[in-house]
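K.L.:
I am attaching a structure below and will ask some questions about it afterwards.
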Amino acid sequence: MAIKGKGKAKSRQVSRAPRREPVVVKKPFVQRGWVRGLVLFMCGVLVLSVTWWAYEGIDKQRNASKAADAAGQQRAAVSAWKVNLEGALSSVGQVQGGATPQIATDVGTAITNLGKGQDAGVKADQLTKEADSLEKAAKTLAVFKLTDTIENHGFDASQTDLITTIQPEIAAGLRSLAVAARLTAMVTQDPAGADELLVEAKTANTTGQDLVARGWASYTNIATLAGMPPPLPQPIGSGGGLPQGLGG
C-alpha cells in the first residue's frame, strides 16, 4: 500500500534575475542644448555680419553717387565762372593756364622808365584807353552773379566763402591797375614835377598786380578742386609741341 505524499516531488521556486537599473540614454551631440545655443548664436552673428556688410556696401555706393553728383555740379559752376573770369581778363591781357595773367604790364614798364627819366615807351592816349578797358573788365566781373552760380552746387561753406572773395579781389586789382594807368598817362603828358603822381602810380600798380595774382591763385585752386585744372602754359615758340630735343 502506497504511502500518500511521499511519491510527489516538491516544486522548487526559480530565482529571478537581479533587477536592472534604468540606463540614461544621452542625446545626440547636435541635439544638446548648449550646442544648439552656440549654433543659434553663430547664425545670429553671421546674419548680423551679412546685414552690416550689405549696409556698408549700399552706404558706400550712395556716398560715391553723392560725391559724383557734387563733382558734376562743381564742374558746371566753375565752367560758367571760368567763361566770365577768364574772358574778362583775356580782354585786358594774356591768360596762360595756371600762370598769373599778364595784365597791364606796359603800365609797370612805363612807370619804371619814367622813374629813370626815360621815355615811357607808350603814349598817354594808349594808357588812358587801357585804363578804360581795365575798368570795363572790372565791371564785367562785378555784375556777374557768382553767388547764384555756385549756390547748391556741391561747395561747402568754407569753399563758398573763398570763392565769393576771389571775384571782388580780382575786380579790385583791375581797378587799381586802371588808376595806375591813368596816373601814368598824366605823368607821361607832363613829366615835370610829377614825382608824387609817379609814386602813387607805382603804388597802385603794385597793389593791382598783387590782388590779381592772389585772386588768380585762389581761382586755380578751386578749379583744380572741381576737376578743371588750368592747362599748363606752353613754352614760348613751341607751337604746342614738345620742347626741342624731346620729340625724338
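To be explicit about the labels: the chains of the C-alpha cells are called A, B, and onward in the order shown, and within each one the residues are counted from 1, while ligands get numbers from 1 in the order they are shown.
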Might you pull out every residue within 8 Å of Thr188 (chain A), with only C-alpha atoms counted and same-chain residues fewer than 2 positions away left off, and present them as an NGL selection string?
P.N.:
:A and (114 or 120 or 123-124 or 184-186 or 190-191)
K.L.:
Leaving out region 176-182 of chain A and any residue of its chain fewer than 3 positions from it, which residues lie within 12 Å of it when counting only C-alpha atoms, given as a ChimeraX atom specification?
P.N.:
/A:92-93,102-111,120,122-139,169-173,185-189,197-212
K.L.:
Write out as a short mmCIF file (atom, residue, chain, number, x, y, z; two decimals) with C-alpha atoms, in the first residue's frame all residues of region 185-238 of chain A that backbone DSSP assigns to helix (DSSP H, G or I).
P.N.:
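The resulting states-v4.cif:
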data_model
loop_
_atom_site.label_atom_id
_atom_site.label_comp_id
_atom_site.auth_asym_id
_atom_site.auth_seq_id
_atom_site.Cartn_x
_atom_site.Cartn_y
_atom_site.Cartn_z
CA ALA A 185 49.26 158.82 -68.56
CA MET A 186 49.19 162.11 -66.67
CA VAL A 187 52.89 161.84 -65.86
CA THR A 188 53.64 160.98 -69.49
CA GLN A 189 51.87 164.11 -70.68
CA ASP A 195 57.10 162.82 -58.78
CA GLU A 196 54.19 162.43 -56.38
CA LEU A 197 51.90 161.19 -59.14
CA LEU A 198 54.54 158.69 -60.20
CA VAL A 199 54.81 157.35 -56.62
CA GLU A 200 51.04 156.97 -56.45
CA ALA A 201 51.02 155.24 -59.84
CA LYS A 202 53.68 152.82 -58.70
CA THR A 203 51.76 152.01 -55.51
CA ALA A 204 48.51 151.47 -57.42
CA ASN A 205 50.24 149.25 -59.96
CA THR A 206 51.89 147.09 -57.29
CA THR A 207 48.64 146.76 -55.37
CA GLY A 208 46.71 145.85 -58.51
CA GLN A 209 49.18 143.20 -59.61
CA ASP A 210 49.23 141.65 -56.12
CA LEU A 211 45.42 141.48 -55.93
CA VAL A 212 45.14 139.88 -59.37
CA ALA A 213 47.88 137.35 -58.61
CA ARG A 214 46.40 136.37 -55.26
CA GLY A 215 42.88 136.07 -56.62
CA TRP A 216 44.05 134.05 -59.60
CA ALA A 217 45.95 131.61 -57.37
CA SER A 218 42.78 131.01 -55.34
CA TYR A 219 40.76 130.57 -58.52
CA THR A 220 43.11 127.94 -59.92
CA ASN A 221 42.93 126.04 -56.60
CA ILE A 222 39.13 125.98 -56.75
CA ALA A 223 39.15 124.99 -60.42
CA THR A 224 41.55 122.14 -59.67
CA LEU A 225 39.37 121.00 -56.77
#
K.L.:
Excluding Ile150 (chain A) and any residue of its chain fewer than 5 positions from it, enumerate the residues within 9 Å of it, using only C-alpha atoms, and give them as an MDAnalysis selection string.
P.N.:
chainID A and resid 73:74 76:78 81 155 160 163
K.L.:
With only C-alpha atoms as the counted atoms, please give the residues lying no more than 12 Å from Thr147 (chain A), apart from itself and same-chain residues fewer than 4 positions off, as JSON, numbers by chain.
P.N.:
{"A": [77, 78, 80, 81, 142, 143, 151, 152, 153, 155, 157, 159, 160, 161, 162, 163, 164, 165, 166, 167, 168]}
K.L.:
How would you write, as JSON, numbers by chain, the set of residues in region 35-166 of chain A that DSSP gives as strand (DSSP E)?
P.N.:
{"A": [93, 94, 102, 103]}
K.L.:
The selected residues should be written to file as an mmCIF file, in the first residue's frame (atoms: C-alpha atoms).
P.N.:
data_model
loop_
_atom_site.group_PDB
_atom_site.id
_atom_site.type_symbol
_atom_site.label_atom_id
_atom_site.label_comp_id
_atom_site.auth_asym_id
_atom_site.auth_seq_id
_atom_site.Cartn_x
_atom_site.Cartn_y
_atom_site.Cartn_z
ATOM 1 C CA GLY A 93 45.895 140.824 -71.004
ATOM 2 C CA GLN A 94 47.101 137.282 -71.544
ATOM 3 C CA GLN A 102 49.857 139.207 -67.673
ATOM 4 C CA ILE A 103 47.714 142.300 -67.163
#
K.L.:
CA of Gly97 (chain A) and CA of Pro231 (chain A), how far apart in Å?
P.N.:
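Taking CA of Pro231 (chain A) and CA of Gly97 (chain A), their separation equals 4.6 Å.
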